[in-house]
$ cat model13.tsv   # TSV, C-alpha atoms
chain	number	residue	atom	x	y	z
A	705	MET	CA	-4.27	8.50	-14.34
A	706	SER	CA	-4.24	12.22	-15.05
A	707	ASN	CA	-5.57	14.77	-12.60
A	708	VAL	CA	-4.41	12.85	-9.56
A	709	GLU	CA	-2.54	14.35	-6.63
A	710	TYR	CA	-0.34	12.05	-4.56
A	711	ARG	CA	0.41	12.99	-0.96
A	712	HIS	CA	2.61	11.77	1.83
A	713	ILE	CA	0.05	11.91	4.65
A	714	THR	CA	1.03	14.46	7.27
A	715	SER	CA	-2.38	15.73	8.43
A	716	ASP	CA	-5.28	14.17	10.27
A	717	ALA	CA	-7.58	15.36	7.46
A	718	ASP	CA	-5.63	13.31	4.89
A	719	LEU	CA	-5.49	10.35	7.27
A	720	GLN	CA	-9.28	10.46	7.55
A	721	LEU	CA	-9.53	10.41	3.73
A	722	ALA	CA	-7.28	7.33	3.70
A	723	PHE	CA	-9.51	5.69	6.30
A	724	ALA	CA	-12.53	6.46	4.09
A	725	VAL	CA	-10.92	4.65	1.13
A	726	ARG	CA	-10.04	1.67	3.31
A	727	HIS	CA	-13.56	1.55	4.75
A	728	GLN	CA	-15.04	1.55	1.24
A	729	VAL	CA	-12.74	-1.21	0.00
A	730	PHE	CA	-12.22	-3.45	3.02
A	731	VAL	CA	-15.46	-3.03	4.99
A	732	VAL	CA	-18.09	-2.27	2.34
A	733	GLU	CA	-16.75	-4.25	-0.64
A	734	GLN	CA	-14.91	-7.10	1.09
A	735	ASN	CA	-16.99	-7.44	4.30
A	736	CYS	CA	-14.03	-7.12	6.66
A	737	ASP	CA	-14.57	-6.26	10.31
A	738	PRO	CA	-14.41	-2.44	10.64
A	739	ALA	CA	-12.92	-2.78	14.12
A	740	LEU	CA	-9.81	-4.41	12.62
A	741	ASP	CA	-9.00	-1.86	9.92
A	742	VAL	CA	-7.64	1.09	11.88
A	743	ASP	CA	-4.85	-0.10	14.14
A	744	SER	CA	-1.84	1.08	16.11
A	745	LEU	CA	0.34	1.21	12.97
A	746	ASP	CA	-1.78	4.02	11.55
A	747	ARG	CA	-0.42	6.58	13.99
A	748	HIS	CA	2.93	4.96	14.72
A	749	GLU	CA	5.95	7.19	14.16
A	750	ALA	CA	7.62	4.54	11.98
A	751	THR	CA	4.66	4.35	9.57
A	752	ASP	CA	4.48	6.43	6.40
A	753	GLN	CA	1.14	6.66	4.62
A	754	PHE	CA	0.24	7.87	1.17
A	755	LEU	CA	-2.97	9.14	-0.39
A	756	ALA	CA	-4.16	9.73	-3.93
A	757	VAL	CA	-6.94	12.28	-4.50
A	758	ASP	CA	-8.70	13.55	-7.58
A	759	ALA	CA	-7.00	16.88	-8.34
A	760	ILE	CA	-10.29	18.51	-9.32
A	761	THR	CA	-12.92	17.07	-6.95
A	762	LYS	CA	-10.48	16.27	-4.11
A	763	GLU	CA	-12.23	12.91	-3.68
A	764	PRO	CA	-9.94	10.22	-2.25
A	765	LEU	CA	-8.91	7.56	-4.76
A	766	GLY	CA	-6.42	5.30	-3.01
A	767	THR	CA	-4.03	4.78	-0.12
A	768	CYS	CA	-1.26	2.59	1.24
A	769	ARG	CA	1.14	2.54	4.17
A	770	VAL	CA	4.72	1.37	4.69
A	771	TYR	CA	6.51	0.50	7.92
A	772	PRO	CA	9.27	-1.69	9.36
A	773	SER	CA	8.15	-5.29	8.87
A	774	PRO	CA	6.97	-7.30	11.85
A	775	TYR	CA	7.42	-10.41	9.67
A	776	ALA	CA	11.06	-10.25	8.55
A	777	GLU	CA	14.03	-8.68	10.33
A	778	GLY	CA	15.52	-5.73	8.47
A	779	ALA	CA	12.70	-5.64	5.92
A	780	ALA	CA	9.77	-3.29	5.50
A	781	SER	CA	6.12	-3.99	4.81
A	782	LEU	CA	3.54	-2.34	2.60
A	783	GLY	CA	-0.08	-2.70	3.57
A	784	ARG	CA	-3.61	-1.37	3.61
A	785	MET	CA	-3.23	-0.86	-0.15
A	786	ALA	CA	-6.66	0.13	-1.39
A	787	CYS	CA	-8.13	1.96	-4.37
A	788	VAL	CA	-11.77	2.92	-4.93
A	789	PRO	CA	-13.41	1.24	-7.95
A	790	ALA	CA	-13.25	4.36	-10.17
A	791	SER	CA	-9.44	4.49	-9.89
A	792	ARG	CA	-8.67	0.82	-10.50
A	793	GLY	CA	-6.74	-0.10	-13.62
A	794	ARG	CA	-5.56	3.48	-14.08
A	795	GLY	CA	-2.16	3.37	-12.40
A	796	VAL	CA	-3.17	4.85	-9.03
A	797	GLY	CA	-2.32	1.74	-7.02
A	798	LYS	CA	1.00	1.31	-8.80
A	799	ALA	CA	1.92	4.96	-8.21
A	800	LEU	CA	1.05	4.69	-4.52
A	801	CYS	CA	3.18	1.56	-4.11
A	802	LEU	CA	6.10	3.20	-5.90
A	803	LEU	CA	5.84	6.24	-3.61
A	804	GLY	CA	5.97	3.87	-0.67
A	805	HIS	CA	8.98	2.11	-2.17
A	806	ALA	CA	10.79	5.42	-2.68
A	807	ARG	CA	10.18	6.38	0.93
A	808	LEU	CA	11.45	3.01	2.14
A	809	LEU	CA	14.63	3.43	0.09
A	810	GLU	CA	15.12	6.87	1.71
A	811	ARG	CA	14.79	5.15	5.07
A	812	GLY	CA	17.42	2.54	4.16
A	813	PHE	CA	15.23	-0.47	3.41
A	814	ASP	CA	15.96	-2.66	0.40
A	815	ARG	CA	13.37	-5.42	0.89
A	816	VAL	CA	9.59	-5.36	1.30
A	817	VAL	CA	7.53	-8.28	2.59
A	818	ILE	CA	3.75	-8.21	2.16
A	819	GLN	CA	0.67	-10.25	2.84
A	820	ALA	CA	-1.20	-9.86	-0.44
A	821	GLN	CA	-4.71	-10.91	-1.25
A	822	GLU	CA	-4.21	-13.90	-3.50
A	823	ASP	CA	-6.28	-12.49	-6.36
A	824	LYS	CA	-4.02	-9.38	-6.41
A	825	GLU	CA	-0.85	-11.39	-7.12
A	826	GLY	CA	-0.74	-10.22	-10.75
A	827	PHE	CA	-0.89	-6.56	-9.70
A	828	TYR	CA	2.02	-7.01	-7.32
A	829	ASN	CA	4.02	-9.06	-9.86
A	830	LYS	CA	3.89	-6.08	-12.23
A	831	ILE	CA	5.62	-3.86	-9.68
A	832	GLY	CA	8.37	-6.30	-8.79
A	833	TYR	CA	6.92	-8.60	-6.15
A	834	VAL	CA	7.30	-12.36	-6.28
A	835	ARG	CA	5.51	-14.99	-4.29
A	836	SER	CA	7.82	-16.06	-1.49
A	837	SER	CA	5.89	-19.05	-0.12
A	838	PRO	CA	3.41	-21.58	-1.49
A	839	GLU	CA	1.30	-21.08	1.64
A	840	VAL	CA	-2.19	-19.62	1.25
A	841	PHE	CA	-3.78	-18.38	4.46
A	842	LEU	CA	-7.02	-16.67	5.37
A	843	ASP	CA	-7.13	-13.16	6.79
A	844	GLU	CA	-10.66	-11.88	7.39
A	845	GLY	CA	-11.85	-14.87	5.33
A	846	ILE	CA	-9.88	-13.68	2.28
A	847	PRO	CA	-7.10	-15.90	0.84
A	848	HIS	CA	-3.69	-14.22	1.23
A	849	ILE	CA	-0.16	-15.08	0.13
A	850	TRP	CA	3.34	-13.98	1.12
A	851	MET	CA	5.17	-11.86	-1.44
A	852	GLU	CA	8.36	-9.83	-1.39
A	853	ALA	CA	10.25	-7.34	-3.51
A	854	ARG	CA	13.82	-6.05	-3.58
A	855	LEU	CA	14.05	-2.29	-3.79
A	856	LEU	CA	16.65	-0.76	-6.06
A	857	PRO	CA	17.57	2.91	-6.15
A	858	ALA	CA	16.63	4.68	-9.35
A	859	VAL	CA	19.53	4.75	-11.75
A	860	ALA	CA	20.30	8.15	-13.23
A	861	THR	CA	21.08	8.08	-16.90
A	862	THR	CA	23.23	10.50	-18.80
A	863	SER	CA	23.70	10.93	-22.47
A	864	SER	CA	26.89	12.01	-24.12
A	865	GLN	CA	26.66	14.55	-26.87
$ encode --input "model13.tsv" --output "structure tokens"
Amino acid sequence: MSNVEYRHITSDADLQLAFAVRHQVFVVEQNCDPALDVDSLDRHEATDQFLAVDAITKEPLGTCRVYPSPYAEGAASLGRMACVPASRGRGVGKALCLLGHARLLERGFDRVVIQAQEDKEGFYNKIGYVRSSPEVFLDEGIPHIWMEARLLPAVATTSSQ
């Protein structure tokens, strides 16, 4: 998607924009409990968060966060992945996840474990995640599945002339 700025969240103003995206997606669209969205991970020193905004209007388009996984030793997790309707299908979510992956590689992680909404499995498959369990479980009344991805450093290519 052209005209999008991607940011590693370092200010409270950007964090509030991320919260606005999450509220729109999780609370308004998916009827999740607003009291459960913002949690202790949001301001934890081990959490990195990312934001996509429209470069012209500065309206928030999407967000995600990455952190050491509470589910699998030595792994990381990606969560609170959300994009407003106008940005869906335009590469914003993929770009945010890849920014998160790059940050996790910088931090020494090579594996990401996520709890994905079951109907988003295809999205995550396209960026390297595979279903890691046949289990389907409910979180906020929404079917979720376990997925994971191996992170590989970008390979530099050279050409000989």
$ residues_near_point --input "model13.tsv" --point "(20.1, 3.0, 1.0)" --cutoff "12 Å" --atoms "all atoms listed in the file" --output "number ranges by chain"
A: 805-815, 854-858
$ atom_distance --input "model13.tsv" --atom1 "CA of Asn707 in chain A" --atom2 "CA of Arg726 in chain A"
21.1 Å
$ atom_distance --input "model13.tsv" --atom1 "CA of Gly778 in chain A" --atom2 "CA of Tyr833 in chain A"
17.2 Å
$ closest_residue --input "model13.tsv" --among "A:Phe723, A:Phe841, A:Phe730, A:Phe754" --to "Val742 in chain A" --atoms "all atoms listed in the file"
A:Phe723
$ atom_distance --input "model13.tsv" --atom1 "CA of Val796 in chain A" --atom2 "CA of Gly766 in chain A"
6.9 Å
$ residues_near_point --input "model13.tsv" --point "(4.5, -2.2, -9.1)" --cutoff "8 Å" --atoms "all atoms listed in the file" --output "list in words"
Lys798, Ala799, Cys801, Leu802, Phe827, Tyr828, Asn829, Lys830, Ile831, Gly832 and Tyr833 of chain A
$ closest_residue --input "model13.tsv" --among "A:Ala756, A:Pro774, A:Ile713, A:Gln734" --to "Arg792 in chain A" --atoms "all atoms listed in the file"
A:Ala756
$ residues_around --input "model13.tsv" --residues "Tyr710 in chain A" --least-positions-apart "4" --cutoff "12 Å" --atoms "all atoms listed in the file" --output "list in words"
Met705, Ser706, Asp718, Ala722, Gln753, Phe754, Leu755, Ala756, Val757, Asp758, Ala759, Lys762, Glu763, Pro764, Leu765, Gly766, Thr767, Cys768, Gly795, Val796, Gly797, Lys798, Ala799, Leu800, Cys801, Leu802, Leu803 and Gly804 of chain A
$ write_last_selection --input "model13.tsv" --atoms "C-alpha atoms" --output "CSV table (one decimal), in the coordinates of the input"
chain,number,residue,atom,x,y,z
A,705,MET,CA,-4.3,8.5,-14.3
A,706,SER,CA,-4.2,12.2,-15.0
A,718,ASP,CA,-5.6,13.3,4.9
A,722,ALA,CA,-7.3,7.3,3.7
A,753,GLN,CA,1.1,6.7,4.6
A,754,PHE,CA,0.2,7.9,1.2
A,755,LEU,CA,-3.0,9.1,-0.4
A,756,ALA,CA,-4.2,9.7,-3.9
A,757,VAL,CA,-6.9,12.3,-4.5
A,758,ASP,CA,-8.7,13.6,-7.6
A,759,ALA,CA,-7.0,16.9,-8.3
A,762,LYS,CA,-10.5,16.3,-4.1
A,763,GLU,CA,-12.2,12.9,-3.7
A,764,PRO,CA,-9.9,10.2,-2.2
A,765,LEU,CA,-8.9,7.6,-4.8
A,766,GLY,CA,-6.4,5.3,-3.0
A,767,THR,CA,-4.0,4.8,-0.1
A,768,CYS,CA,-1.3,2.6,1.2
A,795,GLY,CA,-2.2,3.4,-12.4
A,796,VAL,CA,-3.2,4.8,-9.0
A,797,GLY,CA,-2.3,1.7,-7.0
A,798,LYS,CA,1.0,1.3,-8.8
A,799,ALA,CA,1.9,5.0,-8.2
A,800,LEU,CA,1.0,4.7,-4.5
A,801,CYS,CA,3.2,1.6,-4.1
A,802,LEU,CA,6.1,3.2,-5.9
A,803,LEU,CA,5.8,6.2,-3.6
A,804,GLY,CA,6.0,3.9,-0.7
$ closest_residue --input "model13.tsv" --among "A:Ile846, A:Leu721, A:Leu740, A:Ala790" --to "Asp823 in chain A" --atoms "only C-alpha atoms"
A:Ile846
$ closest_residue --input "model13.tsv" --among "A:Ala739, A:Ser836, A:Val816, A:Asp752" --to "Thr714 in chain A" --atoms "all atoms listed in the file"
A:Asp752
$ build_atoms --input "model13.tsv" --residues "range 787-798 of chain A" --atoms "all heavy atoms" --output "PDB file, in the coordinates of the input"
ATOM      1  N   CYS A 787      -7.706   0.957  -3.395  1.00  0.00           N
ATOM      2  CA  CYS A 787      -8.130   1.960  -4.370  1.00  0.00           C
ATOM      3  C   CYS A 787      -9.636   1.817  -4.587  1.00  0.00           C
ATOM      4  O   CYS A 787     -10.144   0.701  -4.684  1.00  0.00           O
ATOM      5  CB  CYS A 787      -7.418   1.769  -5.703  1.00  0.00           C
ATOM      6  SG  CYS A 787      -5.688   2.233  -5.679  1.00  0.00           S
ATOM      7  N   VAL A 788     -10.330   2.946  -4.663  1.00  0.00           N
ATOM      8  CA  VAL A 788     -11.770   2.920  -4.930  1.00  0.00           C
ATOM      9  C   VAL A 788     -11.993   2.413  -6.355  1.00  0.00           C
ATOM     10  O   VAL A 788     -11.107   2.542  -7.213  1.00  0.00           O
ATOM     11  CB  VAL A 788     -12.423   4.293  -4.702  1.00  0.00           C
ATOM     12  CG1 VAL A 788     -12.262   4.736  -3.254  1.00  0.00           C
ATOM     13  CG2 VAL A 788     -11.894   5.333  -5.664  1.00  0.00           C
ATOM     14  N   PRO A 789     -13.162   1.831  -6.624  1.00  0.00           N
ATOM     15  CA  PRO A 789     -13.410   1.240  -7.950  1.00  0.00           C
ATOM     16  C   PRO A 789     -13.111   2.160  -9.129  1.00  0.00           C
ATOM     17  O   PRO A 789     -12.532   1.721 -10.124  1.00  0.00           O
ATOM     18  CB  PRO A 789     -14.887   0.864  -7.893  1.00  0.00           C
ATOM     19  CG  PRO A 789     -15.135   0.585  -6.442  1.00  0.00           C
ATOM     20  CD  PRO A 789     -14.283   1.598  -5.706  1.00  0.00           C
ATOM     21  N   ALA A 790     -13.450   3.437  -9.040  1.00  0.00           N
ATOM     22  CA  ALA A 790     -13.250   4.360 -10.170  1.00  0.00           C
ATOM     23  C   ALA A 790     -11.792   4.564 -10.531  1.00  0.00           C
ATOM     24  O   ALA A 790     -11.478   4.981 -11.646  1.00  0.00           O
ATOM     25  CB  ALA A 790     -13.900   5.705  -9.865  1.00  0.00           C
ATOM     26  N   SER A 791     -10.865   4.256  -9.612  1.00  0.00           N
ATOM     27  CA  SER A 791      -9.440   4.490  -9.890  1.00  0.00           C
ATOM     28  C   SER A 791      -8.696   3.223 -10.279  1.00  0.00           C
ATOM     29  O   SER A 791      -7.523   3.288 -10.644  1.00  0.00           O
ATOM     30  CB  SER A 791      -8.767   5.131  -8.670  1.00  0.00           C
ATOM     31  OG  SER A 791      -8.702   4.222  -7.598  1.00  0.00           O
ATOM     32  N   ARG A 792      -9.347   2.082 -10.222  1.00  0.00           N
ATOM     33  CA  ARG A 792      -8.670   0.820 -10.500  1.00  0.00           C
ATOM     34  C   ARG A 792      -8.336   0.673 -11.983  1.00  0.00           C
ATOM     35  O   ARG A 792      -9.111   1.070 -12.852  1.00  0.00           O
ATOM     36  CB  ARG A 792      -9.527  -0.360 -10.035  1.00  0.00           C
ATOM     37  CG  ARG A 792      -9.653  -0.371  -8.535  1.00  0.00           C
ATOM     38  CD  ARG A 792     -10.496  -1.501  -8.020  1.00  0.00           C
ATOM     39  NE  ARG A 792     -10.793  -1.257  -6.616  1.00  0.00           N
ATOM     40  CZ  ARG A 792     -11.857  -1.699  -5.998  1.00  0.00           C
ATOM     41  NH1 ARG A 792     -12.746  -2.438  -6.634  1.00  0.00           N
ATOM     42  NH2 ARG A 792     -12.048  -1.418  -4.730  1.00  0.00           N
ATOM     43  N   GLY A 793      -7.164   0.110 -12.246  1.00  0.00           N
ATOM     44  CA  GLY A 793      -6.740  -0.100 -13.620  1.00  0.00           C
ATOM     45  C   GLY A 793      -6.211   1.157 -14.285  1.00  0.00           C
ATOM     46  O   GLY A 793      -5.969   1.166 -15.488  1.00  0.00           O
ATOM     47  N   ARG A 794      -5.999   2.208 -13.522  1.00  0.00           N
ATOM     48  CA  ARG A 794      -5.560   3.480 -14.080  1.00  0.00           C
ATOM     49  C   ARG A 794      -4.207   3.935 -13.550  1.00  0.00           C
ATOM     50  O   ARG A 794      -3.831   5.087 -13.702  1.00  0.00           O
ATOM     51  CB  ARG A 794      -6.608   4.550 -13.808  1.00  0.00           C
ATOM     52  CG  ARG A 794      -7.918   4.226 -14.483  1.00  0.00           C
ATOM     53  CD  ARG A 794      -8.917   5.304 -14.255  1.00  0.00           C
ATOM     54  NE  ARG A 794     -10.097   5.047 -15.055  1.00  0.00           N
ATOM     55  CZ  ARG A 794     -11.094   5.884 -15.173  1.00  0.00           C
ATOM     56  NH1 ARG A 794     -11.065   7.036 -14.555  1.00  0.00           N
ATOM     57  NH2 ARG A 794     -12.133   5.574 -15.915  1.00  0.00           N
ATOM     58  N   GLY A 795      -3.500   3.043 -12.848  1.00  0.00           N
ATOM     59  CA  GLY A 795      -2.160   3.370 -12.400  1.00  0.00           C
ATOM     60  C   GLY A 795      -2.062   3.988 -11.014  1.00  0.00           C
ATOM     61  O   GLY A 795      -0.956   4.261 -10.542  1.00  0.00           O
ATOM     62  N   VAL A 796      -3.191   4.212 -10.355  1.00  0.00           N
ATOM     63  CA  VAL A 796      -3.170   4.850  -9.030  1.00  0.00           C
ATOM     64  C   VAL A 796      -2.515   3.936  -8.010  1.00  0.00           C
ATOM     65  O   VAL A 796      -1.644   4.367  -7.242  1.00  0.00           O
ATOM     66  CB  VAL A 796      -4.602   5.254  -8.596  1.00  0.00           C
ATOM     67  CG1 VAL A 796      -4.616   5.735  -7.146  1.00  0.00           C
ATOM     68  CG2 VAL A 796      -5.156   6.324  -9.531  1.00  0.00           C
ATOM     69  N   GLY A 797      -2.904   2.680  -7.974  1.00  0.00           N
ATOM     70  CA  GLY A 797      -2.320   1.740  -7.020  1.00  0.00           C
ATOM     71  C   GLY A 797      -0.827   1.566  -7.238  1.00  0.00           C
ATOM     72  O   GLY A 797      -0.049   1.567  -6.280  1.00  0.00           O
ATOM     73  N   LYS A 798      -0.420   1.442  -8.481  1.00  0.00           N
ATOM     74  CA  LYS A 798       1.000   1.310  -8.800  1.00  0.00           C
ATOM     75  C   LYS A 798       1.770   2.533  -8.318  1.00  0.00           C
ATOM     76  O   LYS A 798       2.823   2.418  -7.676  1.00  0.00           O
ATOM     77  CB  LYS A 798       1.195   1.130 -10.303  1.00  0.00           C
ATOM     78  CG  LYS A 798       2.651   1.068 -10.729  1.00  0.00           C
ATOM     79  CD  LYS A 798       2.783   0.922 -12.233  1.00  0.00           C
ATOM     80  CE  LYS A 798       4.247   0.919 -12.652  1.00  0.00           C
ATOM     81  NZ  LYS A 798       4.395   0.753 -14.109  1.00  0.00           N
TER      82      LYS A 798
END
